[in-house]
Amino acid sequence: DPAGPNYEGTYQANSQFVNDGQIDWQDLYETNIFYGGTARYYLYEDRNDDTQISANSILNSKLSENLTLTSALNLRKLNSSNFASMTDLLGADGYLDVDTFNTGDQAQSDLNNPDRIVGEGDKMKYNFEFNATDYNDFVQAQFKYLKVDFYLAGKFGRTSYQRIGLYRNGNFPENSFGESEKLNFTTYGGKTGLTYKISGRHILETNGAYFTDAPALRNSFSNSRQNNATVIGLTEEKSIHFDGSYIFRSPIVKARLTGYYTLMQDASEISFYYADGISVPGRSASNAFVQEVLTGIDKRNIGVEFGIEAQITPTIKLKSAAAYGQHIYNNDPSLYLTSDDFTDVPGGAVSYGSSSLKGYKIAGGPQQAYQIGFEYRNPEFWWFGATTNYFSNAYIDVSPLTRTANFYFDTDGIPFNDYDPIVARELLKQEKFDHYILVNLVGGKSWKIKDYYVGFFASINNILDEEYKTGGFEQGRSANFRTLSEDTANNPRVFGPKYWYGYGTTYYVNLYVRF
């Protein structure tokens, strides 16, 4: 507050919160009753009730002293029922199952049963099923010789997805009820690997693979709660992988050094959020709840890993590990938006071209990690150990929409007259999280009592109670240069990034009796 802190108001607000709680339940019940018994407030749950049948068959045959053949056949069938279910009407007699953000037919959750009154335990808002079938064959031949071991393997499979709409949604009356297009994917791949034993202490390993996989069911339908639309240009995802290792083994020291390269191609991702500042052809509206569909995503992971442990005395072992990686987007994937606000747009989707993600880091954890530790084992069957871990180079998950042409176009489709490339570059800079150090302790003891073994295992993680970010994402709400500039000028930001944090100090104890 420019006039200074309002201590009195703060104290009163705090007292009210502590004494009365966050929600005025009495007011919610009274409102529902005063509106004639139709719920304005209610509690409901989003349900995914899955039924899956799986069958697996594995054959392992040793054809000769040097050759072993393994084959497998896997089959899965999934029926996933997805719906909202009313759990508590909060004193009301029922709930009118319509979308209050729309009017007329567009407000109806189910045009086949318009203006339906829902009771507790009833389905509402959306109701559909997913049917998925997946089967694949796998064959591997493994050869073992005195100096060289190697294997050859291949797989082939088929995957199919289909959505079955049980409601005729008011926004999509022609494309929500009944069966969707059936999506079929053919998957295949092969891998090979070789182990060369230079001596009993020195070993070389290498592996290579190429696979195609069906996209995830969730990423195959752009707006499954409302319609049968499938993702445009959906195809199998491809992955190429190579790794090589040097292994050293001796009575005292064991070590491994590995380098790897992985390229993943043609992936798809779907996100849901409310966006401000989107440019829609032929419309002046600049905000909507959207489904962001990103297709043709390529990701590249490359890095080196090293681990070593040394038994320096019969009771003391030292160990260390390191991982150095670079995980990035390897191309500029395509992006389009769908929304129930775009029903007047041809095709119901708005393309924003390429999202300039190439070179941005992949979120999902630190890309560098280092560890050093020790372990002590006493002949009297008690032991303890400690590790110190250093993590760095973790990044926030960036918003793809702000990396498209929409970022520098106003809602009328004309570039901003105040667009500043220097400011834009700073706004779009990917946040790098601070490094952090975690110290963990572990230990245990066991006893033999007659024919029984009794013991415990205990650990304390993050004993220094380090506070650290484990991940986060940029909100897509501020979708263009002007709205993002305005939001970053606020202190604090209204639609700033969302973060999640690791645990503080945690304790774990396991007691066991073995007989």
# chains A, B, ... in the order shown; residues from 1 in each chain; ligands from 1

call {"tool": "residues_around", "arguments": {"residues": "Asp276 of chain A", "least_positions_apart": "4", "cutoff": "8 Å", "atoms": "only C-alpha atoms", "output": "VMD selection string"}}
result
chain A and resid 286 to 288 477 to 480 483

call {"tool": "select_by_dssp", "arguments": {"residues": "segment 43-253 of chain A", "states": "strand (DSSP E)", "output": "compact mmCIF listing (two decimals) with C-alpha atoms, in the first residue's frame"}}
result
# COMPACT_ATOMS: atom_id res chain seq x y z
CA LEU A 43 -19.76 -30.23 -4.63
CA TYR A 44 -18.98 -32.65 -7.43
CA GLU A 45 -16.19 -34.98 -8.47
CA ASP A 46 -14.54 -35.72 -11.81
CA ARG A 47 -14.53 -39.49 -12.24
CA ASN A 48 -12.41 -41.88 -14.30
CA ASP A 49 -13.75 -45.40 -13.78
CA ASP A 50 -11.50 -47.78 -15.70
CA THR A 51 -11.97 -51.46 -16.52
CA GLN A 52 -8.95 -53.12 -18.08
CA ILE A 53 -8.32 -56.67 -19.22
CA SER A 54 -4.73 -57.76 -19.86
CA ALA A 55 -3.26 -60.99 -21.19
CA ASN A 56 0.44 -61.81 -21.48
CA SER A 57 2.28 -64.79 -22.85
CA ILE A 58 6.06 -65.25 -22.64
CA LEU A 59 8.16 -67.97 -24.25
CA ASN A 60 11.80 -68.44 -23.30
CA SER A 61 13.79 -71.11 -25.10
CA LYS A 62 17.48 -71.97 -24.96
CA LEU A 67 21.61 -68.75 -28.21
CA THR A 68 18.51 -67.96 -26.15
CA LEU A 69 15.25 -66.91 -27.78
CA THR A 70 12.60 -64.90 -25.95
CA SER A 71 9.22 -63.95 -27.38
CA ALA A 72 6.18 -62.29 -25.84
CA LEU A 73 2.61 -61.46 -26.82
CA ASN A 74 0.73 -58.76 -24.89
CA LEU A 75 -2.91 -57.72 -25.18
CA ARG A 76 -4.75 -54.95 -23.32
CA LYS A 77 -8.33 -53.76 -23.61
CA LEU A 78 -9.46 -50.66 -21.74
CA ASN A 79 -12.88 -49.17 -21.17
CA SER A 80 -12.63 -45.82 -19.41
CA SER A 81 -15.83 -44.16 -18.18
CA ASN A 82 -15.37 -40.40 -17.68
CA PHE A 83 -18.02 -38.20 -16.09
CA ALA A 84 -18.77 -35.65 -13.38
CA SER A 85 -20.82 -36.86 -10.43
CA MET A 86 -22.79 -34.78 -7.93
CA THR A 87 -21.64 -35.51 -4.38
CA ASP A 88 -23.37 -32.83 -2.26
CA TYR A 95 -28.98 -28.81 -9.75
CA LEU A 96 -29.92 -27.54 -13.21
CA ILE A 117 -32.34 -31.58 -12.77
CA VAL A 118 -29.50 -33.54 -11.17
CA LYS A 123 -23.90 -37.87 -13.60
CA MET A 124 -23.63 -34.32 -14.93
CA LYS A 125 -21.70 -31.80 -17.08
CA TYR A 126 -20.00 -34.40 -19.31
CA ASN A 127 -20.22 -38.14 -19.85
CA PHE A 128 -18.20 -40.21 -22.30
CA GLU A 129 -16.24 -43.43 -22.64
CA PHE A 130 -12.85 -44.26 -24.08
CA ASN A 131 -12.27 -47.65 -25.65
CA ALA A 132 -8.67 -48.61 -26.25
CA THR A 133 -7.10 -51.81 -27.56
CA ASP A 134 -3.40 -52.49 -27.67
CA TYR A 135 -1.49 -55.59 -28.66
CA ASN A 136 2.16 -56.13 -29.50
CA ASP A 137 4.60 -58.92 -30.25
CA PHE A 138 8.20 -58.92 -29.06
CA VAL A 139 11.03 -61.23 -30.11
CA GLN A 140 14.62 -61.18 -28.88
CA ALA A 141 17.58 -63.40 -29.71
CA GLN A 142 20.47 -63.28 -27.25
CA PHE A 143 23.92 -64.64 -28.12
CA LYS A 144 26.58 -65.35 -25.50
CA VAL A 148 31.30 -61.08 -26.81
CA ASP A 149 27.60 -61.04 -25.92
CA PHE A 150 25.04 -59.42 -28.18
CA TYR A 151 21.30 -59.38 -28.82
CA LEU A 152 18.85 -58.53 -31.58
CA ALA A 153 15.23 -57.67 -30.84
CA GLY A 154 12.15 -56.43 -32.63
CA LYS A 155 8.55 -55.58 -31.89
CA PHE A 156 5.33 -55.05 -33.80
CA GLY A 157 1.99 -53.84 -32.50
CA ARG A 158 -1.37 -52.24 -33.17
CA THR A 159 -3.18 -49.68 -31.03
CA SER A 160 -6.68 -48.29 -31.50
CA TYR A 161 -8.61 -45.56 -29.67
CA GLN A 162 -12.23 -44.44 -29.84
CA ARG A 163 -14.37 -41.99 -27.91
CA ILE A 164 -18.06 -42.70 -27.34
CA GLY A 165 -20.04 -39.63 -26.35
CA GLY A 178 -22.01 -41.33 -30.34
CA GLU A 179 -18.83 -42.85 -31.69
CA LEU A 183 -7.83 -43.99 -34.45
CA ASN A 184 -5.48 -46.80 -35.48
CA PHE A 185 -1.73 -46.84 -35.03
CA THR A 186 0.81 -49.38 -36.23
CA THR A 187 3.92 -49.54 -34.08
CA TYR A 188 7.19 -51.30 -34.71
CA GLY A 189 10.83 -51.08 -33.79
CA GLY A 190 14.10 -52.83 -33.22
CA LYS A 191 17.04 -52.69 -30.90
CA THR A 192 20.46 -54.25 -30.65
CA GLY A 193 23.24 -54.29 -28.14
CA LEU A 194 26.74 -55.65 -27.71
CA THR A 195 28.94 -56.37 -24.71
CA TYR A 196 32.68 -56.83 -25.30
CA LYS A 197 34.67 -58.27 -22.40
CA HIS A 202 37.24 -54.11 -18.29
CA ILE A 203 33.96 -54.29 -20.24
CA LEU A 204 32.50 -52.24 -23.09
CA GLU A 205 28.74 -52.03 -23.77
CA THR A 206 26.73 -50.35 -26.50
CA ASN A 207 23.02 -50.26 -27.34
CA GLY A 208 20.97 -48.81 -30.16
CA ALA A 209 17.23 -48.68 -30.77
CA TYR A 210 14.54 -47.26 -33.03
CA PHE A 211 10.89 -47.46 -31.98
CA THR A 212 7.52 -46.05 -32.89
CA ASP A 213 4.79 -45.77 -30.27
CA GLU A 237 5.74 -41.06 -32.05
CA LYS A 238 9.30 -42.03 -33.01
CA SER A 239 12.36 -42.43 -30.82
CA ILE A 240 16.01 -43.09 -31.61
CA HIS A 241 18.42 -44.06 -28.85
CA PHE A 242 22.14 -44.80 -28.57
CA ASP A 243 24.28 -45.36 -25.50
CA GLY A 244 27.75 -46.64 -24.79
CA SER A 245 29.39 -47.62 -21.50
CA TYR A 246 32.76 -48.49 -20.07
CA ILE A 247 32.60 -50.71 -16.98
CA PHE A 248 35.44 -51.43 -14.55
CA ARG A 249 35.20 -54.12 -11.87
CA VAL A 253 36.50 -50.59 -7.05

call {"tool": "residues_around", "arguments": {"residues": "segment 406-412 of chain A", "least_positions_apart": "5", "cutoff": "12 Å", "atoms": "only C-alpha atoms", "output": "PDB file with C-alpha atoms, in the first residue's frame"}}
result
ATOM      1  CA  ALA A 275      -6.065 -17.274 -22.167  1.00  0.00           C
ATOM      2  CA  ASP A 276      -6.127 -13.477 -22.434  1.00  0.00           C
ATOM      3  CA  GLY A 277      -4.799 -11.745 -25.528  1.00  0.00           C
ATOM      4  CA  ILE A 278      -5.405 -14.309 -28.260  1.00  0.00           C
ATOM      5  CA  SER A 279      -5.912 -13.250 -31.854  1.00  0.00           C
ATOM      6  CA  VAL A 280      -8.851 -15.000 -33.547  1.00  0.00           C
ATOM      7  CA  PRO A 281      -9.500 -14.253 -37.258  1.00  0.00           C
ATOM      8  CA  GLY A 282     -12.707 -12.302 -37.826  1.00  0.00           C
ATOM      9  CA  ARG A 283     -13.351 -11.754 -34.131  1.00  0.00           C
ATOM     10  CA  SER A 284     -12.588  -9.036 -31.639  1.00  0.00           C
ATOM     11  CA  ALA A 285     -12.799 -11.334 -28.613  1.00  0.00           C
ATOM     12  CA  SER A 286      -9.372 -11.760 -27.019  1.00  0.00           C
ATOM     13  CA  ASN A 287     -10.027 -14.296 -24.255  1.00  0.00           C
ATOM     14  CA  LEU A 335       0.312 -25.121 -32.335  1.00  0.00           C
ATOM     15  CA  TYR A 336      -3.418 -24.626 -32.633  1.00  0.00           C
ATOM     16  CA  LEU A 337      -6.218 -23.797 -30.204  1.00  0.00           C
ATOM     17  CA  VAL A 350      -7.339 -21.619 -34.860  1.00  0.00           C
ATOM     18  CA  SER A 351      -3.795 -22.293 -36.059  1.00  0.00           C
ATOM     19  CA  TYR A 352      -0.937 -20.145 -34.746  1.00  0.00           C
ATOM     20  CA  GLY A 353       1.750 -21.734 -36.882  1.00  0.00           C
ATOM     21  CA  SER A 354       5.025 -22.736 -35.293  1.00  0.00           C
ATOM     22  CA  SER A 355       5.908 -22.287 -31.654  1.00  0.00           C
ATOM     23  CA  SER A 356       9.558 -21.199 -31.455  1.00  0.00           C
ATOM     24  CA  SER A 399       4.281 -21.549 -22.417  1.00  0.00           C
ATOM     25  CA  PRO A 400       4.219 -22.553 -26.125  1.00  0.00           C
ATOM     26  CA  LEU A 401       1.513 -20.015 -27.067  1.00  0.00           C
ATOM     27  CA  ASN A 417       2.824  -0.533 -32.315  1.00  0.00           C
ATOM     28  CA  ASP A 418       4.731  -0.525 -29.007  1.00  0.00           C
ATOM     29  CA  TYR A 419       6.390  -3.935 -29.484  1.00  0.00           C
ATOM     30  CA  ASP A 420       9.960  -3.855 -28.145  1.00  0.00           C
ATOM     31  CA  PRO A 421      12.160  -6.846 -29.148  1.00  0.00           C
ATOM     32  CA  VAL A 423      11.703  -6.323 -23.686  1.00  0.00           C
ATOM     33  CA  ALA A 424      10.134  -9.305 -25.483  1.00  0.00           C
ATOM     34  CA  ARG A 425      13.381 -11.266 -25.276  1.00  0.00           C
ATOM     35  CA  LEU A 427       9.836 -11.660 -21.090  1.00  0.00           C
ATOM     36  CA  LEU A 428      10.392 -14.926 -22.971  1.00  0.00           C
ATOM     37  CA  GLY A 476      -0.538 -19.303 -20.653  1.00  0.00           C
ATOM     38  CA  ARG A 477      -3.096 -16.763 -19.468  1.00  0.00           C
ATOM     39  CA  SER A 478      -1.119 -13.689 -20.574  1.00  0.00           C
ATOM     40  CA  ALA A 479      -0.792 -14.764 -24.190  1.00  0.00           C
ATOM     41  CA  ASN A 480       0.635 -11.706 -25.962  1.00  0.00           C
ATOM     42  CA  PHE A 481       3.273  -9.030 -25.499  1.00  0.00           C
ATOM     43  CA  ARG A 482       0.950  -6.431 -24.021  1.00  0.00           C
ATOM     44  CA  THR A 483      -0.913  -8.639 -21.545  1.00  0.00           C
ATOM     45  CA  LEU A 484       2.343 -10.302 -20.411  1.00  0.00           C
ATOM     46  CA  SER A 485       4.071  -6.910 -20.030  1.00  0.00           C
TER      47      SER A 485
END

call {"tool": "residues_around", "arguments": {"residues": "segment 314-317 of chain A", "least_positions_apart": "6", "cutoff": "9 Å", "atoms": "only C-alpha atoms", "output": "number ranges by chain"}}
result
A: 373-379

call {"tool": "residues_around", "arguments": {"residues": "Tyr503 of chain A", "least_positions_apart": "5", "cutoff": "10 Å", "atoms": "only C-alpha atoms", "output": "PDB file with N, CA and C atoms, in the first residue's frame"}}
result
ATOM      1  N   ASN A 461      15.649 -37.896   5.177  1.00  0.00           N
ATOM      2  CA  ASN A 461      15.981 -37.209   3.933  1.00  0.00           C
ATOM      3  C   ASN A 461      15.917 -35.699   4.121  1.00  0.00           C
ATOM      4  N   ASN A 462      16.822 -35.021   3.439  1.00  0.00           N
ATOM      5  CA  ASN A 462      16.899 -33.556   3.515  1.00  0.00           C
ATOM      6  C   ASN A 462      17.012 -33.103   4.969  1.00  0.00           C
ATOM      7  N   ASP A 465      16.785 -29.479   5.916  1.00  0.00           N
ATOM      8  CA  ASP A 465      15.494 -28.831   5.665  1.00  0.00           C
ATOM      9  C   ASP A 465      15.601 -27.781   4.555  1.00  0.00           C
ATOM     10  N   GLU A 466      16.288 -28.164   3.488  1.00  0.00           N
ATOM     11  CA  GLU A 466      16.474 -27.251   2.350  1.00  0.00           C
ATOM     12  C   GLU A 466      15.147 -27.003   1.642  1.00  0.00           C
ATOM     13  N   GLU A 467      14.865 -25.737   1.334  1.00  0.00           N
ATOM     14  CA  GLU A 467      13.682 -25.396   0.543  1.00  0.00           C
ATOM     15  C   GLU A 467      14.108 -25.237  -0.913  1.00  0.00           C
ATOM     16  N   TYR A 468      13.424 -25.936  -1.825  1.00  0.00           N
ATOM     17  CA  TYR A 468      13.852 -25.921  -3.217  1.00  0.00           C
ATOM     18  C   TYR A 468      12.678 -26.193  -4.142  1.00  0.00           C
ATOM     19  N   LYS A 469      12.765 -25.633  -5.343  1.00  0.00           N
ATOM     20  CA  LYS A 469      11.751 -25.858  -6.367  1.00  0.00           C
ATOM     21  C   LYS A 469      12.093 -27.125  -7.148  1.00  0.00           C
ATOM     22  N   THR A 470      11.103 -27.982  -7.294  1.00  0.00           N
ATOM     23  CA  THR A 470      11.313 -29.185  -8.089  1.00  0.00           C
ATOM     24  C   THR A 470      10.761 -29.032  -9.505  1.00  0.00           C
TER      25      THR A 470
END

call {"tool": "residues_around", "arguments": {"residues": "Tyr436 of chain A", "least_positions_apart": "6", "cutoff": "7 Å", "atoms": "only C-alpha atoms", "output": "mmCIF file with C-alpha atoms, in the first residue's frame"}}
result
data_model
loop_
_atom_site.group_PDB
_atom_site.id
_atom_site.type_symbol
_atom_site.label_atom_id
_atom_site.label_comp_id
_atom_site.auth_asym_id
_atom_site.auth_seq_id
_atom_site.Cartn_x
_atom_site.Cartn_y
_atom_site.Cartn_z
ATOM 1 C CA TYR A 390 23.903 -31.464 -5.509
ATOM 2 C CA PHE A 391 21.273 -30.680 -8.165
ATOM 3 C CA SER A 392 21.323 -27.892 -10.748
ATOM 4 C CA TYR A 468 13.852 -25.921 -3.217
#

call {"tool": "atom_distance", "arguments": {"atom1": "atom CA of Thr338 of chain A", "atom2": "atom CA of Phe101 of chain A"}}
result
17.0 Å

call {"tool": "decode", "arguments": {"residues": "segment 74-145 of chain A", "atoms": "C-alpha atoms", "output": "tab-separated table (two decimals), in the first residue's frame"}}
result
chain	number	residue	atom	x	y	z
A	74	ASN	CA	0.73	-58.76	-24.89
A	75	LEU	CA	-2.91	-57.72	-25.18
A	76	ARG	CA	-4.75	-54.95	-23.32
A	77	LYS	CA	-8.33	-53.76	-23.61
A	78	LEU	CA	-9.46	-50.66	-21.74
A	79	ASN	CA	-12.88	-49.17	-21.17
A	80	SER	CA	-12.63	-45.82	-19.41
A	81	SER	CA	-15.83	-44.16	-18.18
A	82	ASN	CA	-15.37	-40.40	-17.68
A	83	PHE	CA	-18.02	-38.20	-16.09
A	84	ALA	CA	-18.77	-35.65	-13.38
A	85	SER	CA	-20.82	-36.86	-10.43
A	86	MET	CA	-22.79	-34.78	-7.93
A	87	THR	CA	-21.64	-35.51	-4.38
A	88	ASP	CA	-23.37	-32.83	-2.26
A	89	LEU	CA	-26.15	-30.34	-3.14
A	90	LEU	CA	-25.44	-28.30	0.03
A	91	GLY	CA	-29.07	-28.14	1.07
A	92	ALA	CA	-30.58	-27.69	-2.39
A	93	ASP	CA	-33.22	-29.94	-3.93
A	94	GLY	CA	-31.34	-30.38	-7.23
A	95	TYR	CA	-28.98	-28.81	-9.75
A	96	LEU	CA	-29.92	-27.54	-13.21
A	97	ASP	CA	-27.33	-29.19	-15.48
A	98	VAL	CA	-26.49	-26.26	-17.77
A	99	ASP	CA	-23.40	-24.18	-18.46
A	100	THR	CA	-24.04	-20.77	-16.84
A	101	PHE	CA	-21.42	-19.15	-19.09
A	102	ASN	CA	-23.60	-19.84	-22.15
A	103	THR	CA	-27.24	-19.33	-23.15
A	104	GLY	CA	-29.83	-21.23	-25.19
A	105	ASP	CA	-28.89	-24.59	-26.64
A	106	GLN	CA	-25.19	-23.90	-26.13
A	107	ALA	CA	-25.71	-23.98	-22.37
A	108	GLN	CA	-27.01	-27.55	-22.41
A	109	SER	CA	-24.73	-30.31	-21.16
A	110	ASP	CA	-26.92	-32.85	-22.96
A	111	LEU	CA	-29.31	-31.77	-25.69
A	112	ASN	CA	-30.88	-35.23	-25.57
A	113	ASN	CA	-32.07	-34.39	-22.02
A	114	PRO	CA	-32.28	-30.57	-21.84
A	115	ASP	CA	-32.71	-28.67	-18.57
A	116	ARG	CA	-32.17	-31.83	-16.59
A	117	ILE	CA	-32.34	-31.58	-12.77
A	118	VAL	CA	-29.50	-33.54	-11.17
A	119	GLY	CA	-29.61	-35.15	-7.73
A	120	GLU	CA	-26.82	-36.44	-5.52
A	121	GLY	CA	-25.03	-39.39	-7.12
A	122	ASP	CA	-26.20	-38.44	-10.64
A	123	LYS	CA	-23.90	-37.87	-13.60
A	124	MET	CA	-23.63	-34.32	-14.93
A	125	LYS	CA	-21.70	-31.80	-17.08
A	126	TYR	CA	-20.00	-34.40	-19.31
A	127	ASN	CA	-20.22	-38.14	-19.85
A	128	PHE	CA	-18.20	-40.21	-22.30
A	129	GLU	CA	-16.24	-43.43	-22.64
A	130	PHE	CA	-12.85	-44.26	-24.08
A	131	ASN	CA	-12.27	-47.65	-25.65
A	132	ALA	CA	-8.67	-48.61	-26.25
A	133	THR	CA	-7.10	-51.81	-27.56
A	134	ASP	CA	-3.40	-52.49	-27.67
A	135	TYR	CA	-1.49	-55.59	-28.66
A	136	ASN	CA	2.16	-56.13	-29.50
A	137	ASP	CA	4.60	-58.92	-30.25
A	138	PHE	CA	8.20	-58.92	-29.06
A	139	VAL	CA	11.03	-61.23	-30.11
A	140	GLN	CA	14.62	-61.18	-28.88
A	141	ALA	CA	17.58	-63.40	-29.71
A	142	GLN	CA	20.47	-63.28	-27.25
A	143	PHE	CA	23.92	-64.64	-28.12
A	144	LYS	CA	26.58	-65.35	-25.50
A	145	TYR	CA	30.23	-66.14	-26.19
